[in-house]
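Everything below belongs to entry-v6.txt, which stores compact mmCIF, C-alpha atoms.
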```
# COMPACT_ATOMS: atom_id res chain seq x y z
CA MET I 13 -13.53 47.44 185.52
CA THR I 14 -12.95 46.94 189.21
CA TRP I 15 -15.36 45.88 191.92
CA PRO I 16 -14.38 47.75 195.04
CA GLY I 17 -16.31 45.48 197.35
CA ASP I 18 -15.01 42.28 195.86
CA GLU I 19 -11.30 42.38 195.89
CA GLU I 20 -8.36 41.22 197.95
CA LEU I 21 -5.21 43.29 198.33
CA GLU I 22 -4.71 45.91 195.65
CA ARG I 23 -1.52 46.23 193.68
CA ASP I 24 0.50 49.21 194.81
CA GLU I 25 0.39 51.25 191.61
CA ASP I 26 3.10 53.63 192.80
CA ARG I 27 5.45 50.74 193.22
CA TRP I 28 4.50 48.82 190.12
CA THR I 29 5.95 49.63 186.72
CA ALA I 30 5.79 47.36 183.74
CA GLY I 31 9.49 47.54 183.06
CA SER I 32 10.70 46.86 186.58
CA SER I 33 12.29 43.63 187.66
CA PRO I 34 9.86 40.93 188.78
CA LEU I 35 12.09 40.57 191.82
CA ASP I 36 11.24 44.18 192.74
CA ARG I 37 7.57 43.91 191.77
CA ALA I 38 6.97 40.73 193.78
CA VAL I 39 5.38 41.30 197.17
CA PHE I 40 6.68 39.00 199.89
CA ASN I 41 4.94 38.42 203.21
CA THR I 42 6.36 39.34 206.63
CA ASP I 43 8.50 36.17 206.49
CA GLY I 44 9.90 37.28 203.13
CA LEU I 45 8.02 34.59 201.22
CA LEU I 46 5.34 34.28 198.57
CA PRO I 47 3.30 31.23 197.59
CA ALA I 48 4.14 29.65 194.24
CA ILE I 49 1.53 27.48 192.56
CA ILE I 50 3.13 24.84 190.35
CA GLN I 51 1.08 23.68 187.38
CA GLN I 52 1.87 21.06 184.74
CA GLU I 53 1.97 22.59 181.28
CA GLY I 54 -0.49 21.04 178.85
CA THR I 55 -2.63 18.99 181.23
CA ARG I 56 -2.87 21.98 183.58
CA GLU I 57 -2.86 19.78 186.67
CA VAL I 58 -2.11 21.76 189.81
CA LEU I 59 0.85 19.84 191.18
CA MET I 60 1.73 21.57 194.43
CA LEU I 61 2.24 24.84 196.22
CA GLY I 62 5.63 25.87 197.59
CA TRP I 63 7.16 29.00 199.03
CA MET I 64 9.81 31.24 197.51
CA ASP I 65 11.84 34.09 198.90
CA ARG I 66 13.41 36.65 196.61
CA GLU I 67 16.47 34.52 195.95
CA ALA I 68 14.44 31.37 195.24
CA LEU I 69 12.35 33.39 192.78
CA ARG I 70 15.50 34.71 191.12
CA ARG I 71 16.93 31.21 190.76
CA THR I 72 13.65 29.85 189.41
CA LEU I 73 13.43 32.54 186.73
CA ASP I 74 17.14 32.51 185.85
CA GLU I 75 17.92 28.80 185.98
CA GLY I 76 14.73 27.30 184.57
CA ARG I 77 14.46 24.93 187.52
CA VAL I 78 11.89 25.50 190.25
CA THR I 79 13.56 26.36 193.55
CA PHE I 80 11.73 26.86 196.83
CA TRP I 81 12.61 28.02 200.29
CA SER I 82 12.01 25.12 202.64
CA ARG I 83 10.39 26.49 205.77
CA SER I 84 10.95 23.26 207.67
CA ARG I 85 14.63 22.92 206.80
CA GLN I 86 15.36 26.64 206.41
CA GLU I 87 17.30 26.13 203.20
CA TYR I 88 16.90 26.40 199.45
CA TRP I 89 15.33 23.37 197.91
CA ARG I 90 15.74 22.89 194.19
CA LYS I 91 12.99 20.48 193.33
CA GLY I 92 14.33 17.15 192.13
CA ASP I 93 17.93 17.45 193.30
CA THR I 94 17.38 14.54 195.68
CA SER I 95 14.43 12.72 194.14
CA GLY I 96 15.08 13.31 190.45
CA HIS I 97 11.57 14.75 190.22
CA VAL I 98 12.71 17.94 188.57
CA GLN I 99 10.39 20.79 187.61
CA TYR I 100 11.54 22.47 184.40
CA VAL I 101 10.11 25.98 184.12
CA ARG I 102 7.93 26.76 181.10
CA SER I 103 6.38 30.06 182.15
CA ALA I 104 5.77 32.19 185.22
CA ALA I 105 3.35 34.97 186.10
CA LEU I 106 2.64 37.16 189.09
CA ASP I 107 -0.96 37.70 190.04
CA CYS I 108 -2.80 41.02 190.06
CA ASP I 109 -1.41 42.13 193.40
CA ALA I 110 1.99 40.52 192.80
CA ASP I 111 1.94 38.42 195.96
CA THR I 112 1.36 35.02 194.36
CA LEU I 113 3.31 33.28 191.60
CA LEU I 114 2.01 30.78 189.06
CA VAL I 115 4.67 28.63 187.43
CA THR I 116 3.94 26.20 184.63
CA VAL I 117 6.42 23.36 184.41
CA GLU I 118 7.34 20.10 182.83
CA GLN I 119 7.23 17.80 185.86
CA VAL I 120 9.46 14.74 185.84
CA GLY I 121 7.77 11.90 187.72
CA ALA I 122 5.83 12.54 190.89
CA ALA I 123 5.45 16.10 192.10
CA CYS I 124 4.60 14.98 195.63
CA HIS I 125 7.16 13.61 198.07
CA THR I 126 4.61 10.93 198.97
CA GLY I 127 5.03 9.52 195.45
CA THR I 128 1.73 10.67 193.99
CA ARG I 129 1.54 12.74 190.84
CA THR I 130 0.23 15.82 192.64
CA CYS I 131 0.11 16.87 196.28
CA PHE I 132 -3.68 17.07 196.08
CA ASP I 133 -4.35 13.41 195.23
CA GLY I 134 -4.80 12.06 198.74
CA ASP I 135 -7.43 14.02 200.62
CA GLN I 136 -10.51 14.85 198.57
CA LEU I 137 -13.06 16.61 200.77
CA GLN I 138 -16.80 16.20 200.86
CA VAL I 139 -18.43 19.34 199.53
CA THR I 140 -21.87 20.69 199.00
CA THR I 141 -21.62 21.07 195.26
CA GLY I 142 -22.46 24.59 194.24
CA PHE I 143 -24.96 25.13 191.50
CA LEU I 144 -25.49 27.47 188.65
CA PRO I 145 -28.90 29.12 188.32
CA THR I 146 -29.37 27.02 185.20
CA ASP I 147 -28.63 23.69 186.98
CA MET Q 20 7.82 6.11 198.63
CA THR Q 21 9.10 9.25 200.29
CA TRP Q 22 12.17 11.31 199.55
CA PRO Q 23 13.43 12.59 202.85
CA GLY Q 24 15.65 15.23 201.33
CA ASP Q 25 13.06 16.56 198.95
CA GLU Q 26 10.00 17.45 200.91
CA GLU Q 27 8.33 20.38 202.51
CA LEU Q 28 6.42 20.13 205.78
CA GLU Q 29 5.28 16.63 206.67
CA ARG Q 30 1.74 15.79 207.59
CA ASP Q 31 1.38 15.19 211.32
CA GLU Q 32 0.35 11.54 211.22
CA ASP Q 33 -0.71 11.53 214.89
CA ARG Q 34 -3.16 14.29 214.19
CA TRP Q 35 -4.43 13.07 210.84
CA THR Q 36 -7.13 10.45 210.57
CA ALA Q 37 -9.06 9.71 207.43
CA GLY Q 38 -12.44 10.03 209.13
CA SER Q 39 -11.80 13.33 210.88
CA SER Q 40 -13.36 16.59 209.84
CA PRO Q 41 -11.44 18.51 207.19
CA LEU Q 42 -11.83 21.52 209.46
CA ASP Q 43 -9.78 19.65 212.08
CA ARG Q 44 -7.29 18.23 209.59
CA ALA Q 45 -6.58 21.56 207.91
CA VAL Q 46 -3.40 23.24 209.11
CA PHE Q 47 -3.68 27.03 209.38
CA ASN Q 48 -0.72 29.39 209.62
CA THR Q 49 0.05 31.61 212.60
CA ASP Q 50 -2.56 34.08 211.33
CA GLY Q 51 -5.13 31.29 211.27
CA LEU Q 52 -5.20 31.15 207.47
CA LEU Q 53 -4.40 28.75 204.65
CA PRO Q 54 -3.98 29.51 200.95
CA ALA Q 55 -6.75 28.28 198.66
CA ILE Q 56 -5.98 27.80 194.98
CA ILE Q 57 -9.08 28.28 192.83
CA GLN Q 58 -9.16 26.35 189.56
CA GLN Q 59 -11.80 26.31 186.84
CA GLU Q 60 -13.25 22.84 186.38
CA GLY Q 61 -12.81 21.47 182.88
CA THR Q 62 -10.39 23.97 181.41
CA ARG Q 63 -8.24 23.71 184.57
CA GLU Q 64 -7.23 27.37 184.42
CA VAL Q 65 -5.77 28.56 187.71
CA LEU Q 66 -8.02 31.52 188.44
CA MET Q 67 -6.67 32.99 191.67
CA LEU Q 68 -5.38 32.32 195.14
CA GLY Q 69 -7.24 33.49 198.23
CA TRP Q 70 -7.00 32.91 201.97
CA MET Q 71 -9.40 31.05 204.22
CA ASP Q 72 -9.67 30.74 207.95
CA ARG Q 73 -11.49 27.83 209.53
CA GLU Q 74 -14.89 29.49 209.20
CA ALA Q 75 -14.34 30.47 205.56
CA LEU Q 76 -13.36 26.87 204.84
CA ARG Q 77 -16.46 25.60 206.60
CA ARG Q 78 -18.70 27.94 204.61
CA THR Q 79 -17.00 27.01 201.35
CA LEU Q 80 -17.50 23.30 201.94
CA ASP Q 81 -21.02 23.58 203.35
CA GLU Q 82 -22.54 26.25 201.12
CA GLY Q 83 -20.97 25.40 197.78
CA ARG Q 84 -19.86 29.00 197.29
CA VAL Q 85 -16.21 29.96 197.68
CA THR Q 86 -15.72 32.23 200.70
CA PHE Q 87 -12.41 33.84 201.66
CA TRP Q 88 -11.12 35.82 204.58
CA SER Q 89 -10.16 39.24 203.26
CA ARG Q 90 -6.90 40.24 204.92
CA SER Q 91 -7.22 43.84 203.74
CA ARG Q 92 -10.80 44.33 204.94
CA GLN Q 93 -10.65 41.84 207.84
CA GLU Q 94 -14.00 40.32 206.94
CA TYR Q 95 -15.50 37.34 205.15
CA TRP Q 96 -15.71 37.75 201.46
CA ARG Q 97 -18.07 35.46 199.56
CA LYS Q 98 -16.82 35.70 196.04
CA GLY Q 99 -19.36 37.28 193.73
CA ASP Q 100 -21.67 38.84 196.30
CA THR Q 101 -20.75 42.29 195.03
CA SER Q 102 -19.53 41.60 191.50
CA GLY Q 103 -21.78 38.72 190.53
CA HIS Q 104 -18.62 36.76 189.72
CA VAL Q 105 -19.61 33.79 191.83
CA GLN Q 106 -17.46 30.69 192.28
CA TYR Q 107 -19.62 27.57 192.57
CA VAL Q 108 -17.70 24.76 194.26
CA ARG Q 109 -17.25 21.54 192.32
CA SER Q 110 -14.59 19.78 194.43
CA ALA Q 111 -12.01 20.49 197.10
CA ALA Q 112 -8.87 18.75 198.31
CA LEU Q 113 -6.24 19.36 200.95
CA ASP Q 114 -2.64 18.81 199.98
CA CYS Q 115 -0.29 16.23 201.47
CA ASP Q 116 0.51 18.30 204.54
CA ALA Q 117 -3.01 19.73 204.81
CA ASP Q 118 -1.88 23.36 204.75
CA THR Q 119 -3.07 24.24 201.22
CA LEU Q 120 -6.48 23.82 199.64
CA LEU Q 121 -7.31 23.26 195.98
CA VAL Q 122 -10.88 24.11 195.00
CA THR Q 123 -12.29 23.45 191.56
CA VAL Q 124 -15.15 25.74 190.65
CA GLU Q 125 -17.52 26.91 188.01
CA GLN Q 126 -16.48 30.54 187.69
CA VAL Q 127 -19.10 33.05 186.59
CA GLY Q 128 -17.47 35.81 184.55
CA ALA Q 129 -14.09 37.22 185.51
CA ALA Q 130 -12.29 35.73 188.48
CA CYS Q 131 -10.09 38.79 188.89
CA HIS Q 132 -11.32 42.08 190.32
CA THR Q 133 -9.43 43.81 187.51
CA GLY Q 134 -11.89 42.27 185.06
CA THR Q 135 -9.61 39.63 183.54
CA ARG Q 136 -10.54 35.98 183.47
CA THR Q 137 -7.78 34.98 185.89
CA CYS Q 138 -5.58 36.94 188.30
CA PHE Q 139 -2.50 35.71 186.43
CA ASP Q 140 -3.29 37.26 183.05
CA GLY Q 141 -1.49 40.58 183.48
CA ASP Q 142 2.12 40.03 184.45
CA GLN Q 143 3.84 37.25 182.55
CA LEU Q 144 7.51 37.07 183.57
CA GLN Q 145 10.54 36.48 181.44
CA VAL Q 146 12.00 33.09 182.28
CA THR Q 147 14.91 30.99 181.27
CA THR Q 148 12.93 28.10 179.92
CA GLY Q 149 13.96 24.91 181.59
CA PHE Q 150 14.78 21.93 179.45
CA LEU Q 151 14.37 18.23 179.55
CA PRO Q 152 17.38 16.06 178.87
CA THR Q 153 15.65 15.06 175.63
CA ASP Q 154 15.15 18.68 174.43
```
Encoding of this model in structure tokens:
Amino acid sequence: MTWPGDEELERDEDRWTAGSSPLDRAVFNTDGLLPAIIQQEGTREVLMLGWMDREALRRTLDEGRVTFWSRSRQEYWRKGDTSGHVQYVRSAALDCDADTLLVTVEQVGAACHTGTRTCFDGDQLQVTTGFLPTD
Amino acid sequence: MTWPGDEELERDEDRWTAGSSPLDRAVFNTDGLLPAIIQQEGTREVLMLGWMDREALRRTLDEGRVTFWSRSRQEYWRKGDTSGHVQYVRSAALDCDADTLLVTVEQVGAACHTGTRTCFDGDQLQVTTGFLPTD
């Protein structure tokens, strides 16, 4: 069931076929990139978000090592090549409109270049905690 | 410890102060948006990724209900208003360079407009499974 008023971008059904290559199904933005969420297998911690172009996605799927496109350095960046903090791929999935990737990994050491386990450890925001009707 | 060769964009330390508003710390892209990863509290499932502008971020933090900017409809989109599939905010954090948000939520029903629990349930990709040296 779909909720027409409660959706983001729709998958292009003409373009999408189950048997096609993920590299062809993936929808990249105007810069040729898509966001990739990196999640630790097992604990399910969200470690970081990086950006992949088509070639970085291909390498990630084919080599079993997470590879990003570094927007700041304008080069491929295979996670861990410098730091040793490798991300070994366990699984990968495109989302419903194929413009976001979720990769589960075995993370060696710290995922964040600041040395923390995840990139979300340092800046917890104050929120108005939502509530369920039963709260 | 930092790894100069193994990082993405750096946080702008001149701009960042611990006491400043998250709305001022957050770094939006050239379209005025940042990606927000939505994760179920407890089970830690990654449910979806949406986009927020400054106002959507403000509403999310202040109201305790996840609100996105819909790029396709060019309007604010408070998750669940149409479908009932509300996301009640439990916590939120900016990442190390303040350009990605992680929100943990209590998700009511299906997170995905296709009716599945998460937006990543439908298109699992074939991967070359990475390996640890000890595998």
Taking all atoms of region 58-71 of chain Q that the file lists, what box with edges along x, y and z, padded by 8 Å per side, do you get, with centre and edge lengths in Å to one decimal, as AutoDock Vina command-line options?
```
--center_x -9.3 --center_y 27.5 --center_z 192.8 --size_x 23.9 --size_y 28.0 --size_z 38.8
```
Worksheet item: Out of Q:Asp43, Q:Glu82, Q:Asp118, Q:Glu94, which residue has the shortest atom-to-atom distance to chain I when counting all atoms listed in the file?
Response: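 Among Q:Asp43, Q:Glu82, Q:Asp118, Q:Glu94, it is Q:Glu82 that comes nearest to chain I.
Proximity to chain Q was assessed for I:Val120, I:Gly76, I:Tyr88, I:Ala110 counting only C-alpha atoms; the smallest distance is recorded for I:Gly76.
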Worksheet entry | Residue nearest Gly134 (chain Q) - candidates I:Arg37, I:Thr140, I:Cys108, I:Ile50, atoms counted: all atoms listed in the file |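 Checking each of I:Arg37, I:Thr140, I:Cys108, I:Ile50 against Gly134 (chain Q), counting all atoms listed in the file, the winner is I:Cys108.
Reported to one decimal place, the separation of CA of Ala129 (chain Q) from CA of Leu106 (chain I) is 17.1 Å.
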Fill in: Atom pair CA of Ser84 (chain I) / CA of Thr126 (chain I): separation (Å)
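CA of Thr126 (chain I) lies at a distance of 16.4 Å from CA of Ser84 (chain I).
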Worksheet item: For chain Q, which residue out of I:Ala105, I:Met64, I:Val58, I:Val117 is the nearest one, using only C-alpha atoms?
Response: I:Ala105
Practice prompt. Just give me the gap between CA of Phe87 (chain Q) and CA of Asp43 (chain I) in Å, one decimal is fine.
Written response: 21.6 Å
Please identify all polymer residues within 12 Å of Asp135 (chain I), counting all atoms listed in the file, omitting same-chain residues fewer than 3 positions from it, and present them as a tab-separated table (two decimals) with C-alpha atoms, keeping the file's coordinate frame.
```
chain	number	residue	atom	x	y	z
I	128	THR	CA	1.73	10.67	193.99
I	130	THR	CA	0.23	15.82	192.64
I	131	CYS	CA	0.11	16.87	196.28
I	132	PHE	CA	-3.68	17.07	196.08
I	138	GLN	CA	-16.80	16.20	200.86
Q	30	ARG	CA	1.74	15.79	207.59
Q	35	TRP	CA	-4.43	13.07	210.84
Q	36	THR	CA	-7.13	10.45	210.57
Q	37	ALA	CA	-9.06	9.71	207.43
Q	38	GLY	CA	-12.44	10.03	209.13
Q	39	SER	CA	-11.80	13.33	210.88
Q	40	SER	CA	-13.36	16.59	209.84
Q	41	PRO	CA	-11.44	18.51	207.19
Q	44	ARG	CA	-7.29	18.23	209.59
Q	45	ALA	CA	-6.58	21.56	207.91
Q	110	SER	CA	-14.59	19.78	194.43
Q	111	ALA	CA	-12.01	20.49	197.10
Q	112	ALA	CA	-8.87	18.75	198.31
Q	113	LEU	CA	-6.24	19.36	200.95
Q	114	ASP	CA	-2.64	18.81	199.98
Q	115	CYS	CA	-0.29	16.23	201.47
Q	116	ASP	CA	0.51	18.30	204.54
Q	117	ALA	CA	-3.01	19.73	204.81
Q	118	ASP	CA	-1.88	23.36	204.75
Q	119	THR	CA	-3.07	24.24	201.22
Q	120	LEU	CA	-6.48	23.82	199.64
Q	121	LEU	CA	-7.31	23.26	195.98
```
